[in-house]
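Data from coords01.cif: mmCIF, C-alpha atoms
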```
data_protein
#
loop_
_atom_site.label_atom_id
_atom_site.label_comp_id
_atom_site.auth_asym_id
_atom_site.auth_seq_id
_atom_site.Cartn_x
_atom_site.Cartn_y
_atom_site.Cartn_z
CA LYS G 3 -49.41 -12.21 22.29
CA ILE G 4 -48.43 -14.97 19.84
CA ASP G 5 -45.07 -13.25 19.17
CA MET G 6 -44.38 -13.07 22.90
CA GLN G 7 -45.06 -16.79 23.31
CA VAL G 8 -42.77 -17.64 20.38
CA SER G 9 -39.94 -15.56 21.86
CA LEU G 10 -40.38 -17.23 25.26
CA VAL G 11 -40.27 -20.68 23.65
CA SER G 12 -37.12 -19.85 21.64
CA ALA G 13 -35.40 -18.48 24.76
CA GLU G 14 -36.30 -21.67 26.65
CA LEU G 15 -34.90 -23.84 23.81
CA LYS G 16 -31.64 -21.87 23.79
CA ALA G 17 -31.29 -22.33 27.53
CA GLN G 18 -31.84 -26.11 27.22
CA ARG G 19 -29.25 -26.34 24.38
CA ALA G 20 -26.73 -24.43 26.47
CA ILE G 21 -27.27 -26.86 29.37
CA SER G 22 -27.09 -30.01 27.21
CA CYS G 23 -24.16 -28.75 25.01
CA PRO G 24 -21.74 -26.67 27.10
CA SER G 25 -19.59 -26.08 24.02
CA LEU G 26 -22.39 -23.89 22.57
CA ARG G 27 -22.42 -21.49 25.49
CA PRO G 28 -21.29 -17.91 24.82
CA LEU G 29 -17.52 -17.44 25.18
CA PRO G 30 -16.26 -15.63 28.27
CA PHE G 31 -15.36 -11.98 27.85
CA ALA G 32 -11.66 -12.51 28.65
CA PHE G 33 -11.39 -15.25 26.01
CA ARG G 34 -13.08 -13.03 23.39
CA VAL G 35 -10.58 -10.27 24.15
CA ARG G 36 -7.65 -12.67 23.80
CA MET G 37 -8.93 -14.00 20.48
CA SER G 38 -9.39 -10.44 19.19
CA SER G 39 -5.78 -9.66 20.10
CA LEU G 40 -4.62 -12.66 18.04
CA ALA G 41 -6.63 -11.67 14.96
CA PRO G 42 -3.75 -9.68 13.37
CA LEU G 43 -1.46 -12.67 13.90
CA LEU G 44 -3.95 -14.97 12.14
CA SER G 45 -4.03 -12.56 9.21
CA LEU G 46 -0.23 -12.61 9.25
CA ALA G 47 -0.31 -16.40 8.73
CA LEU G 48 -2.15 -15.87 5.46
CA LEU G 49 0.48 -13.43 4.20
CA LEU G 50 3.64 -15.41 4.97
CA PRO G 51 4.85 -18.39 2.89
CA ALA G 52 4.42 -21.91 4.18
CA GLY G 53 8.05 -22.20 5.31
CA ALA G 54 7.72 -19.09 7.47
CA LEU G 55 4.78 -20.37 9.54
CA LEU G 56 7.07 -22.23 11.94
CA VAL G 57 7.04 -19.43 14.50
CA SER G 58 8.00 -20.33 18.04
CA ALA G 59 5.49 -19.94 20.87
CA PRO G 60 7.28 -16.97 22.55
CA ALA G 61 7.43 -15.17 19.19
CA ALA G 62 3.71 -15.77 18.63
CA ARG G 63 2.82 -14.51 22.10
CA SER G 64 4.93 -11.39 21.70
CA ALA G 65 3.47 -10.68 18.25
CA GLY G 66 -0.09 -11.15 19.51
CA ALA G 67 0.51 -8.94 22.55
CA ALA G 68 2.00 -6.21 20.39
CA ALA G 69 -0.89 -6.35 17.94
CA GLY G 70 -3.49 -6.31 20.72
CA GLN G 71 -2.36 -3.02 22.23
CA ARG G 72 -4.90 -0.32 21.40
CA SER G 73 -2.86 2.71 22.43
CA GLY G 74 0.79 3.27 21.61
CA SER G 75 1.04 0.01 19.65
CA ARG G 76 3.64 -0.56 16.94
CA PRO G 77 2.59 -0.67 13.27
CA LEU G 78 1.32 -3.99 11.98
CA MET G 79 4.00 -4.14 9.25
CA GLN G 80 6.70 -3.92 11.93
CA THR G 81 5.10 -6.84 13.74
CA ILE G 82 4.98 -8.79 10.47
CA GLU G 83 8.69 -8.14 9.83
CA GLU G 84 9.64 -9.24 13.35
CA ALA G 85 7.59 -12.44 13.10
CA ALA G 86 9.04 -13.20 9.67
CA SER G 87 12.59 -12.69 10.93
CA ALA G 88 11.88 -14.98 13.89
CA ALA G 89 10.63 -17.66 11.50
CA GLN G 90 13.53 -17.31 9.04
CA PRO G 91 15.24 -20.68 8.49
CA VAL G 92 18.87 -21.03 9.53
CA LEU G 93 21.52 -22.07 7.02
CA TRP G 94 23.93 -23.35 9.68
CA SER G 95 22.23 -24.75 12.77
CA PRO G 96 24.15 -24.99 16.08
CA ASP G 97 24.23 -28.80 15.95
CA LYS G 98 26.52 -28.71 12.89
CA VAL G 99 30.00 -28.80 14.41
CA ALA G 100 33.43 -29.85 13.19
CA ASP G 101 34.13 -33.05 15.13
CA ILE G 102 36.33 -35.06 12.73
CA ARG G 103 40.05 -34.62 13.27
CA ILE G 104 42.46 -34.98 10.35
CA GLU G 105 46.15 -34.98 11.15
CA GLY G 106 48.74 -33.15 9.09
CA GLY G 107 51.17 -34.76 6.70
CA LYS G 108 48.83 -35.23 3.72
CA THR G 109 46.31 -37.21 5.75
CA LEU G 110 42.93 -37.50 4.06
CA LYS G 111 39.39 -38.65 4.68
CA THR G 112 36.70 -39.42 2.12
CA PHE G 113 32.94 -39.12 2.40
CA LYS G 114 30.64 -40.95 -0.01
CA MET G 115 27.53 -38.98 -0.93
CA PRO G 116 24.21 -40.89 -0.94
CA ALA G 117 22.16 -41.25 -4.10
CA HIS G 118 19.61 -38.58 -3.12
CA ALA G 119 22.22 -35.96 -2.25
CA GLU G 120 22.56 -32.86 -4.39
CA ARG G 121 24.23 -30.63 -1.78
CA VAL G 122 26.88 -30.98 0.87
CA GLN G 123 27.94 -28.67 3.66
CA TYR G 124 31.41 -28.82 5.14
CA MET G 125 33.19 -26.91 7.87
CA LEU G 126 36.95 -26.46 8.35
CA LYS G 127 38.67 -25.23 11.51
CA SER G 128 41.82 -25.69 13.54
CA PRO G 129 41.74 -27.47 16.90
CA ASN G 130 44.31 -25.18 18.56
CA GLY G 131 44.52 -21.87 16.68
CA ARG G 132 47.24 -22.96 14.29
CA PRO G 133 47.12 -22.21 10.56
CA ILE G 134 44.92 -24.25 8.24
CA LYS G 135 46.28 -25.60 5.00
CA ALA G 136 43.52 -27.83 3.68
CA LYS G 137 42.24 -29.09 0.37
CA VAL G 138 38.69 -30.21 -0.44
CA GLU G 139 37.86 -32.06 -3.65
CA LEU G 140 34.70 -33.57 -5.12
CA TRP G 141 35.31 -36.64 -7.27
CA ILE G 142 33.01 -38.43 -9.71
CA GLY G 143 34.67 -41.72 -10.48
CA PRO G 144 38.43 -42.23 -10.27
CA ASN G 145 39.54 -39.60 -12.79
CA ARG G 146 37.09 -36.69 -12.73
CA CYS G 147 37.42 -33.94 -10.11
CA VAL G 148 34.58 -31.43 -10.47
CA HIS G 149 35.36 -29.24 -7.45
CA GLU G 150 38.59 -28.13 -5.83
CA PHE G 151 38.96 -25.83 -2.86
CA ILE G 152 42.30 -24.95 -1.26
CA TYR G 153 42.04 -23.05 2.01
CA ASP G 154 44.99 -21.24 3.59
CA CYS G 155 44.32 -19.45 6.87
CA MET G 156 46.68 -18.03 9.45
CA ASP G 157 44.41 -18.79 12.45
CA GLY G 158 42.03 -21.67 11.93
CA LEU G 159 40.36 -21.25 15.32
CA ALA G 160 39.46 -17.58 14.88
CA PHE G 161 38.64 -17.88 11.20
CA PRO G 162 36.86 -21.16 10.41
CA ILE G 163 35.02 -21.50 7.13
CA LYS G 164 31.59 -22.97 6.45
CA ALA G 165 30.90 -23.90 2.85
CA THR G 166 27.88 -25.15 0.92
CA LEU G 167 28.31 -26.83 -2.46
CA GLN G 168 25.72 -28.06 -4.96
CA PHE G 169 26.37 -30.87 -7.43
CA LYS G 170 24.58 -33.31 -9.70
CA LYS G 171 23.01 -36.46 -8.28
CA LEU G 172 25.82 -38.80 -9.27
CA SER G 173 26.86 -40.05 -5.79
CA PRO G 174 30.26 -38.30 -5.80
CA VAL G 175 32.95 -38.63 -3.14
CA LEU G 176 34.11 -35.68 -1.05
CA LYS G 177 37.80 -35.77 -0.18
CA VAL G 178 39.28 -33.63 2.62
CA SER G 179 43.06 -33.59 3.10
CA THR G 180 45.85 -31.58 4.71
CA ASN G 181 49.18 -30.54 3.25
CA GLY G 182 52.61 -31.99 4.01
CA ALA G 183 53.16 -30.13 7.32
CA TYR G 184 52.57 -32.40 10.32
CA GLU G 185 52.23 -29.38 12.62
CA PHE G 186 48.93 -28.26 11.11
CA PRO G 187 46.10 -30.68 11.97
CA LEU G 188 42.54 -30.01 10.94
CA GLU G 189 39.03 -30.48 12.26
CA CYS G 190 36.21 -30.82 9.76
CA GLY G 191 32.52 -31.55 9.65
CA VAL G 192 30.64 -32.89 6.63
CA PHE G 193 26.84 -32.74 6.51
CA VAL G 194 24.52 -34.10 3.82
CA PRO G 195 21.10 -32.43 4.10
CA SER G 196 17.86 -34.28 3.52
CA PRO G 197 15.89 -33.51 0.33
CA ASP G 198 13.61 -31.07 2.16
CA GLU G 199 16.50 -29.35 3.91
CA SER G 200 18.45 -29.22 0.67
CA LYS G 201 15.56 -27.44 -1.00
CA THR G 202 15.41 -24.92 1.84
CA ILE G 203 19.17 -24.32 1.66
CA GLY G 204 18.88 -23.76 -2.09
CA GLN G 205 16.16 -21.15 -1.58
CA ILE G 206 18.19 -19.35 1.09
CA THR G 207 21.40 -19.19 -0.94
CA GLU G 208 19.64 -18.21 -4.17
CA ASN G 209 17.75 -15.45 -2.40
CA MET G 210 21.03 -14.20 -0.94
CA PHE G 211 22.65 -14.22 -4.38
CA TYR G 212 19.95 -12.05 -5.96
CA THR G 213 19.43 -9.66 -3.01
CA ALA G 214 23.02 -9.17 -1.82
CA PRO G 215 24.03 -5.54 -1.19
CA MET G 216 27.31 -6.05 -3.07
CA LYS G 217 27.52 -8.00 -6.30
CA ASP G 218 29.75 -7.80 -9.36
CA ARG G 219 30.91 -9.70 -12.43
CA VAL G 220 34.48 -10.91 -12.78
CA GLN G 221 35.87 -11.42 -16.28
CA GLY G 222 38.66 -13.84 -17.11
CA GLY G 223 41.83 -12.89 -18.93
CA MET G 224 44.53 -15.37 -18.00
CA ASN G 225 47.37 -15.43 -20.54
CA TYR G 226 49.35 -18.57 -19.89
CA GLY G 227 52.90 -18.84 -21.13
CA LYS G 228 53.62 -15.09 -21.30
CA GLY G 229 54.11 -14.31 -17.64
CA SER G 230 50.85 -12.41 -17.26
CA SER G 231 48.40 -13.21 -14.50
CA GLY G 232 45.53 -11.43 -16.29
CA GLY G 233 41.89 -11.55 -15.24
CA ALA G 234 39.73 -8.85 -13.73
CA ILE G 235 40.13 -7.97 -10.04
CA ARG G 236 37.19 -6.98 -7.87
CA ASP G 237 37.27 -5.85 -4.26
CA PHE G 238 34.53 -5.27 -1.68
CA ASP G 239 34.85 -3.22 1.52
CA ILE G 240 33.16 -5.03 4.40
CA ASP G 241 31.02 -3.00 6.76
CA PRO G 242 32.43 -2.91 10.33
CA THR G 243 29.10 -4.15 11.71
CA TRP G 244 29.33 -7.43 9.79
CA ASP G 245 30.72 -9.95 12.26
CA LYS G 246 30.10 -12.72 9.73
CA THR G 247 30.08 -12.38 5.96
CA GLN G 248 28.67 -14.73 3.34
CA ILE G 249 30.12 -15.07 -0.14
CA MET G 250 28.49 -16.77 -3.10
CA VAL G 251 30.13 -17.44 -6.48
CA TRP G 252 27.99 -18.53 -9.42
CA SER G 253 28.01 -18.33 -13.20
CA LYS G 254 24.32 -19.08 -13.80
CA ASP G 255 23.61 -15.67 -15.34
CA ALA G 256 27.09 -15.14 -16.81
CA GLY G 257 27.64 -17.85 -19.36
CA LYS G 258 27.01 -20.94 -17.23
CA LYS G 259 30.63 -22.09 -17.52
CA SER G 260 33.10 -23.35 -14.98
CA PHE G 261 35.23 -20.83 -13.11
CA LYS G 262 38.52 -20.52 -11.27
CA THR G 263 39.14 -17.76 -8.80
CA ASN G 264 41.36 -16.61 -5.96
CA ILE G 265 39.47 -14.97 -3.11
CA GLU G 266 41.50 -13.09 -0.51
CA ILE G 267 40.10 -11.83 2.79
CA LEU G 268 42.25 -8.93 3.94
CA GLN G 269 42.29 -6.79 7.07
CA GLY G 270 44.25 -3.67 6.47
CA PRO G 271 46.09 -2.72 3.27
CA ASN G 272 47.84 -6.04 2.67
CA ASN G 273 47.26 -8.28 5.68
CA GLN G 274 45.87 -11.48 4.22
CA LYS G 275 43.95 -13.41 6.87
CA GLN G 276 42.35 -16.03 4.62
CA HIS G 277 43.00 -17.23 1.09
CA LEU G 278 40.50 -19.26 -0.96
CA ASN G 279 41.58 -20.96 -4.17
CA LEU G 280 38.35 -22.13 -5.76
CA ARG G 281 37.40 -24.13 -8.84
CA CYS G 282 33.79 -25.12 -9.56
CA GLY G 283 31.70 -26.43 -12.42
CA GLY G 284 29.75 -23.25 -13.08
CA SER G 285 25.96 -23.09 -13.25
CA THR G 286 25.45 -26.54 -11.72
CA GLN G 287 27.84 -25.89 -8.82
CA PRO G 288 27.13 -22.61 -7.01
CA TYR G 289 29.52 -22.13 -4.11
CA HIS G 290 28.48 -20.47 -0.86
CA ALA G 291 30.77 -19.76 2.11
CA VAL G 292 30.46 -18.06 5.51
CA ILE G 293 33.55 -16.42 7.01
CA ASN G 294 34.29 -14.42 10.15
CA THR G 295 35.00 -10.70 9.69
CA PRO G 296 34.92 -9.13 13.17
CA GLY G 297 35.96 -5.52 13.54
CA ALA G 298 36.82 -2.91 10.97
CA GLY G 299 39.12 -2.73 7.98
CA TRP G 300 38.06 -5.91 6.18
CA LYS G 301 38.19 -6.23 2.40
CA ILE G 302 37.40 -9.10 0.02
CA ARG G 303 39.38 -9.26 -3.19
CA CYS G 304 38.92 -11.78 -5.99
CA ASN G 305 40.05 -12.33 -9.56
CA SER G 306 39.32 -14.76 -12.37
CA LYS G 307 42.01 -17.28 -13.29
CA LYS G 308 40.51 -18.45 -16.58
CA PHE G 309 40.70 -17.25 -20.16
CA LEU G 310 38.83 -14.31 -21.52
CA GLU G 311 36.45 -16.54 -23.49
CA ASP G 312 35.07 -18.62 -20.61
CA GLY G 313 36.15 -17.02 -17.36
CA LEU G 314 33.12 -14.89 -16.53
CA PHE G 315 31.29 -15.38 -13.23
CA GLU G 316 29.46 -13.36 -10.57
CA ILE G 317 30.26 -12.95 -6.90
CA ALA G 318 27.82 -11.72 -4.25
CA VAL G 319 28.75 -10.50 -0.74
CA ALA G 320 26.31 -9.96 2.13
CA PRO G 321 26.21 -10.08 5.95
CA TYR G 322 25.33 -13.34 7.67
CA GLY G 323 23.28 -13.48 10.83
CA GLU G 324 22.90 -10.56 13.18
CA VAL G 325 25.10 -7.53 12.61
CA GLY G 326 27.22 -6.12 15.43
CA ASP G 327 27.84 -2.58 16.58
CA GLY G 328 31.23 -2.21 14.88
CA SER G 329 33.00 -1.47 18.16
CA SER G 330 35.74 -4.09 17.71
CA PRO G 331 39.06 -2.41 16.89
CA GLY G 332 40.49 -2.94 13.43
CA VAL G 333 43.98 -2.45 12.05
CA LEU G 334 45.44 0.88 13.19
CA LEU G 335 47.44 2.74 10.58
CA GLY G 336 49.98 5.37 11.58
CA SER G 337 49.94 4.45 15.29
CA GLY G 338 50.30 7.92 16.73
CA GLY G 339 51.94 9.54 13.73
CA PHE G 340 55.03 7.32 13.53
#
```
How would this structure read if it were set down as structure tokens?
Amino acid sequence: KIDMQVSLVSAELKAQRAISCPSLRPLPFAFRVRMSSLAPLLSLALLLPAGALLVSAPAARSAGAAAGQRSGSRPLMQTIEEAASAAQPVLWSPDKVADIRIEGGKTLKTFKMPAHAERVQYMLKSPNGRPIKAKVELWIGPNRCVHEFIYDCMDGLAFPIKATLQFKKLSPVLKVSTNGAYEFPLECGVFVPSPDESKTIGQITENMFYTAPMKDRVQGGMNYGKGSSGGAIRDFDIDPTWDKTQIMVWSKDAGKKSFKTNIEILQGPNNQKQHLNLRCGGSTQPYHAVINTPGAGWKIRCNSKKFLEDGLFEIAVAPYGEVGDGSSPGVLLGSGGF
């Protein structure tokens, strides 16, 4: 009898607390079901790094709906991979466009780097599909050029280039210029990332360098004065599904010395679409570039232009962004047997 009275009193107290504090009432059944469907997504948040938690609302809803299906649902690891890919940071956002026009005839523009800057991103393209003949230099003071990039492209509208360069915090000056031909103007964009964005860009490029599907070392061997070009030559066949390809050159794990290289982007046996003449400071100046390689038949070829003693560097090649279906036609050889 005493136990019955105690239970009645406790039930009455619970009812009064539920009336006075609505937040303590039991949750509706539909809400409990929805929270249970989001439980795998909450566990996913504990597995991903902090930078990958910025998942958009549609991606979160789709991941939660997929995890909440009890019959015929996809594996949890597949859901994790999809959510991680949706949260992957972007190296080149759509708001970074080339909007600075530089006329031909050795016209130049300079861009002073702020004191906090340790990376710069620049983009080169043609305003009307004409060839690009541009030169990009990074100067520290009036007499020291620590980076030189000469870009020669036959169609600057179809084949723009997007480059990322790291340097020491010495407030250098970036110089962009054209060659002597007045018929070849240029459009460029120069972007200095914030410290947080620069750190993210560094993580993206370094991860690409160490996980690239194609990577090789290039040894120097230039023999000046004897008519020999020298240097090792490496070539990489680009997969037809790679609409965009990223290239990274670095000597961090190969001597940490400066490097000089010619990088040719070919389509077909000897059809040079783009030519990159690159000189960088080595371990402190990794160079990353994104180029367009639509269709089939693409090949990247590079060599070292320095001596045998200090010309060693590594080059990594990987796809950038979403891969295509490889249906774009490439260069046709033979053309019907003729």
Taking all listed atoms of range 111-125 of chain G, build the axis-aligned box, pad each of the six sides by 8 Å, then write its centre and edge lengths in Å to one decimal as AutoDock Vina command-line options.
```
--center_x 29.5 --center_y -34.1 --center_z 1.7 --size_x 35.8 --size_y 30.3 --size_z 28.3
```
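Rounded to one decimal, CA of Asn273 in chain G and CA of Asp154 in chain G lie 13.3 Å from each other.
Relative to CA of Cys147 in chain G, CA of Lys111 in chain G is found at 15.6 Å.
Using only C-alpha atoms, the shortest contact distance between Trp244 in chain G and any of G:Asn294, G:Ser200, G:Asn145, G:Gln287 is found at G:Asn294.
Shortest atom-to-atom contact with Asp237 in chain G among G:Pro174, G:Ile302, G:Ala136, G:Thr286: G:Ile302, counting all atoms listed in the file.
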